[in-house]
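Pasting start.csv here (CSV, C-alpha atoms):
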```csv
chain,number,residue,atom,x,y,z
A,48,MET,CA,227.8,-49.1,-45.7
A,49,THR,CA,226.2,-50.7,-42.6
A,50,ASP,CA,229.4,-50.2,-40.6
A,51,GLU,CA,228.7,-47.6,-38.0
A,52,PRO,CA,232.4,-46.3,-37.5
A,53,ARG,CA,232.7,-45.8,-41.2
A,54,GLN,CA,229.4,-43.8,-41.4
A,55,ARG,CA,230.4,-41.8,-38.4
A,56,THR,CA,233.8,-40.9,-39.9
A,57,SER,CA,232.2,-40.1,-43.2
A,58,LEU,CA,229.8,-37.7,-41.5
A,59,ALA,CA,232.6,-36.1,-39.6
A,60,ARG,CA,234.4,-35.5,-42.9
A,61,ASP,CA,231.3,-34.0,-44.4
A,62,ARG,CA,230.8,-31.8,-41.3
A,63,THR,CA,234.3,-30.6,-41.6
A,64,ALA,CA,233.8,-29.7,-45.2
A,65,LEU,CA,230.6,-27.9,-44.3
A,66,ALA,CA,232.5,-25.9,-41.6
A,67,ALA,CA,235.2,-25.1,-44.1
A,68,ALA,CA,232.6,-23.8,-46.6
A,69,VAL,CA,231.0,-21.6,-43.9
A,70,VAL,CA,234.4,-20.1,-42.9
A,71,GLY,CA,235.1,-19.6,-46.6
A,72,ALA,CA,231.8,-17.8,-47.0
A,73,VAL,CA,232.6,-15.6,-44.0
A,74,LEU,CA,236.0,-14.8,-45.5
A,75,ILE,CA,234.5,-13.9,-48.8
A,76,LYS,CA,231.7,-11.9,-47.2
A,77,PHE,CA,234.1,-9.7,-45.2
A,78,GLY,CA,236.5,-9.5,-48.1
A,79,VAL,CA,239.7,-10.6,-46.3
A,80,ASP,CA,241.1,-12.3,-49.3
A,81,ASP,CA,239.3,-14.3,-52.0
A,82,ALA,CA,242.3,-16.5,-52.5
A,83,ILE,CA,242.2,-17.7,-48.9
A,84,ALA,CA,238.5,-18.5,-49.1
A,85,ILE,CA,238.7,-20.3,-52.4
A,86,GLU,CA,241.7,-22.3,-51.1
A,87,ILE,CA,240.1,-23.5,-47.9
A,88,VAL,CA,236.7,-24.3,-49.5
A,89,ALA,CA,238.2,-26.1,-52.5
A,90,GLY,CA,240.8,-28.0,-50.6
A,91,VAL,CA,238.7,-29.3,-47.7
A,92,VAL,CA,235.6,-30.0,-49.8
A,93,ALA,CA,237.8,-32.0,-52.3
A,94,PHE,CA,239.3,-33.9,-49.3
A,95,ALA,CA,235.8,-34.8,-48.0
A,96,ALA,CA,234.7,-35.9,-51.4
A,97,ALA,CA,237.8,-38.0,-52.1
A,98,ALA,CA,238.0,-39.5,-48.6
A,99,THR,CA,234.3,-40.4,-48.7
A,100,LEU,CA,234.6,-42.0,-52.1
A,101,GLY,CA,237.7,-43.8,-50.9
A,102,LEU,CA,236.0,-45.0,-47.9
A,103,VAL,CA,233.8,-47.2,-50.0
A,104,ARG,CA,236.8,-49.2,-51.1
A,105,HIS,CA,239.2,-48.8,-48.2
A,106,HIS,CA,238.4,-49.1,-44.5
A,107,ARG,CA,241.7,-47.6,-43.5
A,108,THR,CA,242.4,-44.0,-42.9
A,109,GLN,CA,244.1,-42.3,-45.9
A,110,PRO,CA,247.3,-40.6,-44.6
A,111,ARG,CA,247.7,-38.5,-47.7
A,112,ALA,CA,244.2,-37.0,-47.3
A,113,VAL,CA,244.8,-36.2,-43.7
A,114,ALA,CA,248.2,-34.5,-44.5
A,115,VAL,CA,246.6,-32.5,-47.3
A,116,VAL,CA,243.9,-31.2,-45.0
A,117,ALA,CA,246.4,-30.3,-42.3
A,118,VAL,CA,248.6,-28.4,-44.8
A,119,LEU,CA,245.7,-26.6,-46.4
A,120,VAL,CA,244.2,-25.4,-43.1
A,121,ALA,CA,247.6,-24.4,-41.7
A,122,THR,CA,248.3,-22.4,-44.9
A,123,THR,CA,244.9,-20.8,-44.6
A,124,ALA,CA,245.6,-19.9,-40.9
A,125,LEU,CA,249.0,-18.4,-41.9
A,126,LEU,CA,247.4,-16.4,-44.7
A,127,THR,CA,244.7,-15.1,-42.3
A,128,VAL,CA,247.5,-13.9,-40.0
A,129,VAL,CA,249.1,-12.1,-42.9
A,130,ALA,CA,245.8,-10.6,-44.0
A,131,VAL,CA,244.9,-9.4,-40.5
A,132,LEU,CA,248.3,-7.8,-40.0
A,133,SER,CA,248.4,-6.1,-43.4
B,105,MET,CA,282.8,-104.4,-36.9
B,106,SER,CA,285.1,-101.8,-35.6
B,107,SER,CA,285.5,-100.1,-39.0
B,108,THR,CA,281.7,-99.9,-39.3
B,109,CYS,CA,281.4,-98.3,-35.9
B,110,ALA,CA,284.2,-95.8,-36.8
B,111,ALA,CA,282.4,-94.9,-40.0
B,112,SER,CA,279.1,-94.5,-38.3
B,113,HIS,CA,280.7,-92.6,-35.5
B,114,PHE,CA,282.4,-90.3,-38.1
B,115,GLY,CA,279.1,-89.9,-39.9
B,116,VAL,CA,277.4,-88.9,-36.7
B,117,ARG,CA,280.1,-86.4,-35.9
B,118,LYS,CA,279.9,-84.9,-39.4
B,119,ALA,CA,276.1,-84.6,-39.1
B,120,ARG,CA,276.4,-82.9,-35.8
B,121,THR,CA,279.0,-80.5,-37.1
B,122,SER,CA,276.9,-79.5,-40.1
B,123,ARG,CA,273.9,-78.9,-37.8
B,124,ARG,CA,276.0,-76.9,-35.5
B,125,TYR,CA,277.0,-74.5,-38.2
B,126,ALA,CA,273.8,-74.6,-40.2
B,127,HIS,CA,272.7,-71.2,-38.8
B,128,VAL,CA,275.9,-69.6,-40.2
B,129,GLY,CA,275.1,-70.7,-43.7
B,130,ALA,CA,271.5,-69.7,-43.3
B,131,ARG,CA,272.6,-66.3,-42.1
B,132,LEU,CA,275.0,-65.9,-45.0
B,133,ARG,CA,272.3,-66.8,-47.4
B,134,PHE,CA,270.0,-64.3,-45.6
B,135,TYR,CA,272.4,-61.5,-45.9
B,136,THR,CA,273.5,-62.2,-49.5
B,137,GLN,CA,270.1,-62.9,-51.1
B,138,ARG,CA,268.7,-60.3,-53.4
B,139,VAL,CA,265.5,-58.9,-52.0
B,140,ALA,CA,263.1,-57.0,-54.3
B,141,VAL,CA,262.5,-53.8,-52.3
B,142,PRO,CA,259.4,-52.0,-53.6
B,143,GLU,CA,260.1,-48.4,-54.6
B,144,ARG,CA,258.7,-46.0,-52.1
B,145,ARG,CA,256.3,-43.4,-53.6
B,146,TRP,CA,255.4,-40.3,-51.6
B,147,TRP,CA,251.7,-40.5,-52.5
B,148,ARG,CA,251.4,-43.9,-50.8
B,149,GLY,CA,251.7,-42.1,-47.5
B,150,PRO,CA,254.4,-41.6,-44.9
B,151,ARG,CA,257.1,-44.3,-44.4
B,152,TRP,CA,255.8,-45.1,-40.9
B,153,PHE,CA,252.5,-46.1,-42.4
B,154,THR,CA,254.0,-49.4,-43.3
B,155,GLU,CA,255.5,-50.1,-39.9
B,156,GLY,CA,254.1,-52.7,-37.5
B,157,THR,CA,250.7,-54.2,-38.1
B,158,ASP,CA,247.4,-52.7,-39.1
B,159,PRO,CA,245.4,-51.7,-36.0
B,160,ASP,CA,241.7,-52.3,-35.7
B,161,TYR,CA,240.2,-50.0,-38.3
B,162,ARG,CA,237.7,-48.7,-35.8
B,163,PHE,CA,240.5,-47.2,-33.8
B,164,SER,CA,242.1,-45.6,-36.9
B,165,LEU,CA,238.8,-44.1,-37.9
B,166,ALA,CA,238.2,-42.8,-34.4
B,167,ASN,CA,241.7,-41.2,-34.5
B,168,GLU,CA,240.8,-39.5,-37.8
B,169,ARG,CA,237.5,-38.3,-36.3
B,170,THR,CA,239.4,-36.7,-33.5
B,171,PHE,CA,241.7,-35.0,-36.0
B,172,LEU,CA,238.7,-33.7,-37.9
B,173,ALA,CA,237.2,-32.3,-34.7
B,174,TRP,CA,240.4,-30.4,-34.1
B,175,ILE,CA,240.3,-29.1,-37.7
B,176,ARG,CA,236.8,-27.8,-37.0
B,177,THR,CA,238.2,-26.0,-33.9
B,178,VAL,CA,240.8,-24.4,-36.1
B,179,LEU,CA,238.1,-23.2,-38.5
B,180,ALA,CA,236.2,-21.7,-35.6
B,181,PHE,CA,239.4,-19.9,-34.5
B,182,LEU,CA,239.8,-18.5,-38.0
B,183,ALA,CA,236.1,-17.4,-38.3
B,184,ALA,CA,236.4,-15.7,-34.9
B,185,SER,CA,239.6,-14.0,-36.0
B,186,VAL,CA,237.9,-12.5,-39.1
B,187,ALA,CA,234.8,-11.6,-37.2
B,188,VAL,CA,236.9,-9.7,-34.6
B,189,VAL,CA,238.6,-7.7,-37.4
B,190,GLN,CA,235.5,-6.9,-39.3
B,191,LEU,CA,232.8,-6.6,-36.6
B,192,ALA,CA,234.3,-5.6,-33.3
B,193,SER,CA,234.3,-1.8,-33.7
B,194,VAL,CA,233.4,-1.0,-30.1
B,195,PHE,CA,237.0,-0.7,-28.9
B,196,ARG,CA,238.7,2.7,-28.7
B,197,THR,CA,242.1,1.6,-29.8
B,198,SER,CA,242.4,0.0,-33.2
B,199,TRP,CA,245.5,-2.1,-32.5
B,200,THR,CA,243.6,-4.1,-29.9
B,201,ARG,CA,241.3,-5.6,-32.5
B,202,THR,CA,244.4,-6.5,-34.6
B,203,ALA,CA,246.1,-8.1,-31.6
B,204,LEU,CA,243.1,-10.1,-30.7
B,205,ALA,CA,242.5,-11.3,-34.3
B,206,THR,CA,246.2,-12.2,-34.7
B,207,ALA,CA,246.2,-14.2,-31.4
B,208,LEU,CA,243.2,-16.1,-32.7
B,209,ALA,CA,244.7,-16.8,-36.1
B,210,ILE,CA,248.0,-17.9,-34.6
B,211,SER,CA,246.2,-20.2,-32.2
B,212,GLY,CA,244.5,-21.8,-35.2
B,213,LEU,CA,247.9,-22.3,-36.9
B,214,VAL,CA,249.4,-23.9,-33.8
B,215,VAL,CA,246.4,-26.1,-33.1
B,216,CYS,CA,246.3,-27.3,-36.7
B,217,THR,CA,250.0,-28.3,-36.7
B,218,LEU,CA,249.7,-30.0,-33.3
B,219,ALA,CA,246.5,-31.8,-34.5
B,220,TYR,CA,248.4,-33.5,-37.3
B,221,ALA,CA,251.3,-34.4,-35.0
B,222,ARG,CA,248.8,-35.9,-32.6
B,223,TRP,CA,247.0,-37.9,-35.3
B,224,ALA,CA,250.3,-39.2,-36.7
B,225,GLY,CA,251.7,-40.0,-33.2
B,226,ASN,CA,248.6,-41.9,-32.2
B,227,GLU,CA,248.5,-43.8,-35.5
B,228,ARG,CA,252.1,-44.8,-35.3
B,229,ALA,CA,251.8,-45.9,-31.6
B,230,MET,CA,248.8,-48.1,-32.5
B,231,ARG,CA,250.6,-49.7,-35.4
B,232,ASN,CA,253.6,-50.6,-33.2
B,233,GLU,CA,251.4,-51.6,-30.2
B,234,ARG,CA,252.8,-48.9,-28.0
B,235,PRO,CA,251.0,-46.7,-25.5
B,236,LEU,CA,249.6,-43.5,-27.0
B,237,PRO,CA,252.1,-40.6,-26.7
B,238,PHE,CA,251.6,-37.4,-24.8
B,239,ASN,CA,250.6,-34.4,-27.0
B,240,PRO,CA,250.5,-30.8,-25.6
B,241,LEU,CA,247.5,-30.0,-27.7
B,242,LEU,CA,245.0,-29.8,-24.9
B,243,LEU,CA,247.3,-27.7,-22.8
B,244,VAL,CA,248.0,-25.3,-25.7
B,245,VAL,CA,244.3,-24.8,-26.5
B,246,ASN,CA,243.6,-24.2,-22.8
B,247,VAL,CA,246.3,-21.7,-22.4
B,248,ALA,CA,245.5,-19.9,-25.7
B,249,LEU,CA,241.8,-19.7,-24.9
B,250,ALA,CA,242.5,-18.5,-21.3
B,251,ALA,CA,244.8,-15.8,-22.7
B,252,ILE,CA,242.3,-14.7,-25.3
B,253,ALA,CA,239.5,-14.6,-22.7
B,254,ILE,CA,241.6,-12.4,-20.4
B,255,MET,CA,242.3,-10.2,-23.4
B,256,VAL,CA,238.7,-9.9,-24.3
B,257,LEU,CA,237.7,-9.2,-20.7
B,258,ALA,CA,240.3,-6.5,-20.4
B,259,LEU,CA,239.2,-4.9,-23.7
B,260,ILE,CA,235.6,-4.9,-22.6
B,261,VAL,CA,236.3,-3.4,-19.2
B,262,PHE,CA,239.0,-0.9,-20.0
B,263,ASP,CA,238.8,-0.1,-23.7
B,264,ARG,CA,235.2,0.7,-24.5
```

As structure tokens - that is how I would like this structure written.
Amino acid sequence: MTDEPRQRTSLARDRTALAAAVVGAVLIKFGVDDAIAIEIVAGVVAFAAAATLGLVRHHRTQPRAVAVVAVLVATTALLTVVAVLS
Amino acid sequence: MSSTCAASHFGVRKARTSRRYAHVGARLRFYTQRVAVPERRWWRGPRWFTEGTDPDYRFSLANERTFLAWIRTVLAFLAASVAVVQLASVFRTSWTRTALATALAISGLVVCTLAYARWAGNERAMRNERPLPFNPLLLVVNVALAAIAIMVLALIVFDR
């Protein structure tokens, strides 16, 4: 792993997972809905782990992982809207 | 002598004729041959991911990093939304907090959707060696944040 773009991307994935964990903690702390928090933390952290491991073997972006993250975060945003309005 | 010439002449004409129509035979063979088409599996990624040629991997990874930065922006929107609902109790009217939090969460939803569209559009353009397409993401974020800022300002001035 001496390749700088790969390292940078790996760090960006980890940073995103960390941000997701922080948002999940905020959601749990303020009791919006445990399901939302669990979904966002589990989904995005799993993405970061899978993508980082996959990066060792593949130098290409993994389109499935990107789509999964987009769907998970969009679902979380939708659930947050519902939770705020209810 | 004359018969030899005629034969050779005939032979030449025949060769020319077969060359002239060679592409027809090749085309027929091309259209009638059995090609083993690999079965497309959904977990191998979208169909466009096999289009064109692989771009330089540094560009693909940079595109993914930009997508991840937008995802972090969405997470910040969601955290702000929850914080407004739970912490901002200084406003007199209760619906203003809900409106502000809803605006933030909806902004997050829109930005998340557009971020994926932007990533996919850029990736596809790079694969097909086309210029990067326009995406309204920056405009949407600017307008949404300006609207939210005006809302917050109005609440602070008039609703405390």

Shortest interatomic distance to Ala180 of chain B - which of B:Ala203, B:Ala192, B:Leu208, B:Arg162, counting all atoms listed in the file: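 Using all atoms listed in the file, the shortest distance to Ala180 of chain B belongs to B:Leu208.
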
Could you list, as a PDB file with C-alpha atoms, in the coordinates of the input, every residue of chain A that has an atom within 6 Å of an atom of chain B, counting all atoms listed in the file?
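Written out: iface-v7.pdb:
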```
ATOM      1  CA  THR A  56     233.800 -40.900 -39.900  1.00  0.00           C
ATOM      2  CA  THR A  63     234.300 -30.600 -41.600  1.00  0.00           C
ATOM      3  CA  VAL A  70     234.400 -20.100 -42.900  1.00  0.00           C
ATOM      4  CA  ARG A 107     241.700 -47.600 -43.500  1.00  0.00           C
ATOM      5  CA  PRO A 110     247.300 -40.600 -44.600  1.00  0.00           C
ATOM      6  CA  ARG A 111     247.700 -38.500 -47.700  1.00  0.00           C
ATOM      7  CA  ALA A 121     247.600 -24.400 -41.700  1.00  0.00           C
ATOM      8  CA  ALA A 124     245.600 -19.900 -40.900  1.00  0.00           C
ATOM      9  CA  VAL A 128     247.500 -13.900 -40.000  1.00  0.00           C
TER      10      VAL A 128
END
```

Gap from atom CA of Asn239 of chain B to atom CA of Arg222 of chain B - Å, one decimal: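 It comes out at 6.1 Å.
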
Interatomic distance (Å, one decimal) between atom CA of Val244 of chain B and atom CA of Val120 of chain A: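 Separating atom CA of Val244 of chain B from atom CA of Val120 of chain A is a distance of 17.8 Å.
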